[in-house]
Every structure is written in C-alpha cells, then in structure tokens.
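Input: a single structure, listed below in structure tokens.
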Amino acid sequence: MAEKPSIPKGTRDFTPVETARRNYIFDTIRKRFQLYGYQPIETPAMENLSTLLGKYGEEGDKLLFRILNSGDFLSKVPGDLLQAQDSAKAAGMLAEKGLRYDLTVPFARFVVQHRNELAFPFKRYQIQPVWRADRPQKGRYREFYQCDADVVGSDSLINECELLELIDAVFTDLKLKVVIKINNRKILAALAEYIGHPDKVTDITVAIDKLDKIGREAVNKELLSKGISNEGIEKLQPVLMLQGDNASKLQSLREVLASSDTGLNGIAEIEKVLGYLSESTLQSEVELDLTLARGLNYYTGAIIEVKALEVTIGSICGGGRYDDLTGIFGMKDVSGVGISFGADRIYDVLEQLNRFPEEAARSTQVLFVNFGEKEEQHCLSLVRKLRAEGIAAEVYPDQAKLKKQFSYANTRNIPFVATIGEDEIANNRITLKTMTSGTQESVSFLELMSAIQKNG
C-alpha cells in the first residue's frame, strides 16, 4: 500500500475557502499600499548566503534554511573536514544559497543593487512568503507571508504619519478594532541614561517590553538579574506607570528627561507625528506606550505596534524607523521607516470574530443546472454573456441528479442557482433560486444579472 503523502512540518496547505480568505486580506492591504503610493517589488525566494548571514544575529543564522549546491555538493569539502564531521565548517562549502528569512534584508540588497534605477525617496511594498527553520508550534510556522511597506531615502516624519494613517485605513477596511501603540528609540535610550545605566538599554527595554505579559514585579526581578541597581529600578517605576493622554505623558517625560538631548529629540519627534495626525480622521486610537521596545538593535527612531482590541493575540502589525538599512551592504546613511502586517495573525483574528465577508470565500456567483445536451448549449451561451459582464458563472459539467447539483452549489457557497428546462428555453426565461432564502422566481436574463449584481 502506498504511503500517505504529507508535507514538511511547519508548512500548510490552504483549502479554496482559506486561500480566498487570505487573498481577501492580501488584496485589502495591497489596495491601501497602492493608494498611498507604494510600488510593488518582488525578490527571489533564495538569496546568496553571503547576503543573509550575519544580518539576524547568531540565533537568526541558525534558523536560515540552506540550499545544497547543485551537482556533487561534496566535491568542494576536504576529506579531513568530512571525517571530522564538523558540520558548521562544512555547511559553508555545501551550501552557497538560502531561503529568505524576512523581506527586509532582501529589500536592503535590492535598494543597493538597483540604486541607479530608483527614484528616492523610494516607497516599496512586498507581499511574499519567508522561511525560518524554527521549531513548529501553534501560531508559528516555518513558511509564512509578510506584507511590508517601507520608505527609504527620507528623514521626514511625514512618512511615520502616513504609515500610521495607512495602518488605520487597512484595519478599518478589515472592520477590526485596534489600538496603534507608538514609542521612540531615543526616549528609551534616554530612560536608560536617566536611571544610570546607559550601557544597559537593551536589557532594560527587553524587560519592560514584557510588562503586560509577566507584570511589574517579574519585570523588576529581571532588571535586577541584568545588573540594574535597586535605585535605578526605583527611578524607572513612575515613568513606566505614567497615566493619562499622550500630551500629559509627553509633558511628564519632558520634565524627567529635561537634561537629555537624545530624549528631548525623541519627544519632539513623537509630538511632530501626533501634530500631523491632529487633523486626520483616524478610526483607531494612537497611544504612546513607553514599554514598547520592538527589536532595539534594529530601530533607531519611531517604534510602532498594533494590537487587536477584541481578541487576545500578539502584535498584528509593527514597524519603525531605522537610520542605516543599506549600510550592511556598503550604502551608508540611507534612512528609512517601514511596517509589516502579520497576515496569519490577522486571519486568526478575523476567523475568531467571524468577520470575513461571505463573498471573500466565494468564487462562482451563479450555477446553471445541467438537464441535458440541449439545455447545456443554451446555458453555456448565457454563461459566456455573464462572464463578459464580469459575473462569475458556471454550468454544472455533468447531467447528474438535481439533488447532487444543488448540494454542489451549497458546498461551494454559490448564492444563486439557475434552472433552464424546455419551457424556460421556449419562453426565454430562467428559474432563479436564491440559496440563502430558498425562494425562486422566473426572471429574464437582464433581471438575473441585476439580482446577482445587487448581491455583490
């Protein structure tokens, strides 16, 4: 007996309904990207390992999927190295390419490689899969999609403002209630100075980033374990517990960080972005969250994170400002800012809330019943006319029992079924059944088109 086929752990098949719903998310995001002036690019699934290695830290390097060299891939490996079974050293000789880990490093490579062809500031979007050799678990996959938008070659804070408006527009389109949290890397660096540990900025912010997950007491214990003094931890508490609206938080921060030029610059940047937004009609709240950290070794200015309000789940979108994206490839001082939507988490939220529109999982709008050869020809001619008008229609391909054909329409979530027998052909009519209500009526071809178009 043949072995049942399977797929690699951490990857997924998507059914027609799931694929259609995912496309609804991608299409919604893509439309907004385009409306805000972002241009699409695509990069290869595989990159040279020289492009990828060293860009994600030691742990990230371990999660890269490597692709064996073509042909006799052992030929370049010295015999003594094979005998020693030193996999780390041999790996570089066995594989020169790897699957992309994210979209950001390939984008940086793209900008440097094509800099003479691009108009700066360059606004790009990219919706493509990435791969990580992670341990698969619920909500964590080895293959998943990222939906990124970035602006490079501009220091203007207008870009941050527009990205926040873009985020709000996407989640409004998806009918999801969210809060957009913002912070600034300069403020976090100044806080580390303020409590007397400027060299511990990463340790401090990694700990406080966990405040809503593990609570203040556990965060303080972690800070202590990282070498932060009791006095420093005590000075930090009032800042972390700041309450009130954004303006009052910023005023309190301005008093605390009055002696720090770095901190004051961060405050001024947030105030400017909020000022740009003051005349915007955002549907989502924008909240200054001083515990927000997001990959401090990467970001240098604004930090953005989005949380769903109706479902408990991690961040569903995030991003921020980076001062030297392309510096890793020798093109210095090209600042940028970007965001990434988590399509898989957005899918989970929409599914939990039953918020997918019915039409998102629907392809065919009307099915024509197949009674026989004569009726087939008549139905095919009508189907061609409907398709010419942009209406998805099909004829059931076999002369099966009516029950089977209607069951097919139900399973496919097709909203209308058209029945045409000898009488209908003679009278130039169509018996149209609305599947949700079960009602049916005799209609003309134009009336059928109108009913389908009204249904969306």
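Identifiers in this document derive from the order of the structure tokens: chains are assigned A, B, ..., residues are numbered from 1 separately in each chain, and ligands are numbered from 1 in order of occurrence.
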- Can you list, as a list of chain:residue names, every protein, DNA or RNA residue that comes within 9 Å of A:Gly266 when you count only C-alpha atoms, leaving out same-chain residues fewer than 4 positions away? A:Asn183, A:Asn184, A:Arg185, A:Lys186, A:Ile187, A:Leu188, A:Ala190, A:Asp261, A:Thr262, A:Ile270, A:Glu271, A:Gly301, A:Ala302
Would you save the residues from that selection as a PDB file, in the first residue's frame, using C-alpha atoms?
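The result, written out as part.pdb:
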```pdb
ATOM      1  CA  ASN A 183       7.192  54.931  21.110  1.00  0.00           C
ATOM      2  CA  ASN A 184      10.635  56.201  20.146  1.00  0.00           C
ATOM      3  CA  ARG A 185      14.023  54.535  20.480  1.00  0.00           C
ATOM      4  CA  LYS A 186      15.591  57.853  21.530  1.00  0.00           C
ATOM      5  CA  ILE A 187      13.235  58.058  24.532  1.00  0.00           C
ATOM      6  CA  LEU A 188      14.148  54.520  25.591  1.00  0.00           C
ATOM      7  CA  ALA A 190      17.361  58.432  27.396  1.00  0.00           C
ATOM      8  CA  ASP A 261      19.149  65.947  24.293  1.00  0.00           C
ATOM      9  CA  THR A 262      18.519  62.455  22.921  1.00  0.00           C
ATOM     10  CA  ILE A 270       6.539  61.991  18.605  1.00  0.00           C
ATOM     11  CA  GLU A 271       4.936  65.409  19.102  1.00  0.00           C
ATOM     12  CA  GLY A 301      13.594  56.250  15.970  1.00  0.00           C
ATOM     13  CA  ALA A 302       9.847  55.670  15.910  1.00  0.00           C
TER      14      ALA A 302
END
```
Review point. What lies within 6 Å of A:Tyr322 using only C-alpha atoms, ignoring chain neighbours under 3 positions off, as a list in words?
Key: Tyr299, Thr300, Ser335, Gly336 and Val337 of chain A
Pick out the residues sitting within 12 Å of A:Glu255, and hand them over as a PDB file with C-alpha atoms, in the first residue's frame; count only C-alpha atoms, and ignore anything fewer than 6 positions along from it in its own chain.
```
ATOM      1  CA  TYR A 194      18.173  58.655  33.408  1.00  0.00           C
ATOM      2  CA  VAL A 239       7.862  56.555  34.215  1.00  0.00           C
ATOM      3  CA  SER A 248       0.212  64.566  29.554  1.00  0.00           C
ATOM      4  CA  LYS A 249       2.600  61.607  29.202  1.00  0.00           C
ATOM      5  CA  GLY A 263      15.329  62.077  24.966  1.00  0.00           C
ATOM      6  CA  LEU A 264      14.072  65.549  24.057  1.00  0.00           C
ATOM      7  CA  ILE A 267       9.772  63.541  22.437  1.00  0.00           C
TER       8      ILE A 267
END
```
Stretch 36-241 of chain A: residues DSSP assigns to helix (DSSP H, G or I), reported as a ChimeraX atom specification | /A:49-52,57-62,79-84,87-94,104-113,115-117,158-173,185-194,198-208,211-214,216-225,230-240
Just how far from atom CA of A:Asp423 is atom CA of A:Tyr408, in Å to one decimal?
->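 Computed distance, atom CA of A:Tyr408 to atom CA of A:Asp423, equals 24.2 Å.
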The distance between atom CA of A:Thr172 and atom CA of A:Tyr125 is 19.5 Å
Which residues, written as a list in words, have at least one atom at most 7 Å from A:Cys161, with only C-alpha atoms counted and residues fewer than 4 positions away on the same chain left out?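 So the residues in contact are Leu157, Glu165, Val273, Tyr276 and Leu277 of chain A.
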- Message: I need the residues of stretch 172-248 of chain A that end up classed as strand (DSSP E or B) by DSSP on the backbone, written out as a list in words.
- Response: Val178, Val179, Ile180, Lys181, Ile182, Asn183 and Asn184 of chain A
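Minimum distance to A:Pro415 across A:Leu292, A:Leu236, A:Ile430, A:Ala361 (counting only C-alpha atoms) occurs at A:Ala361.
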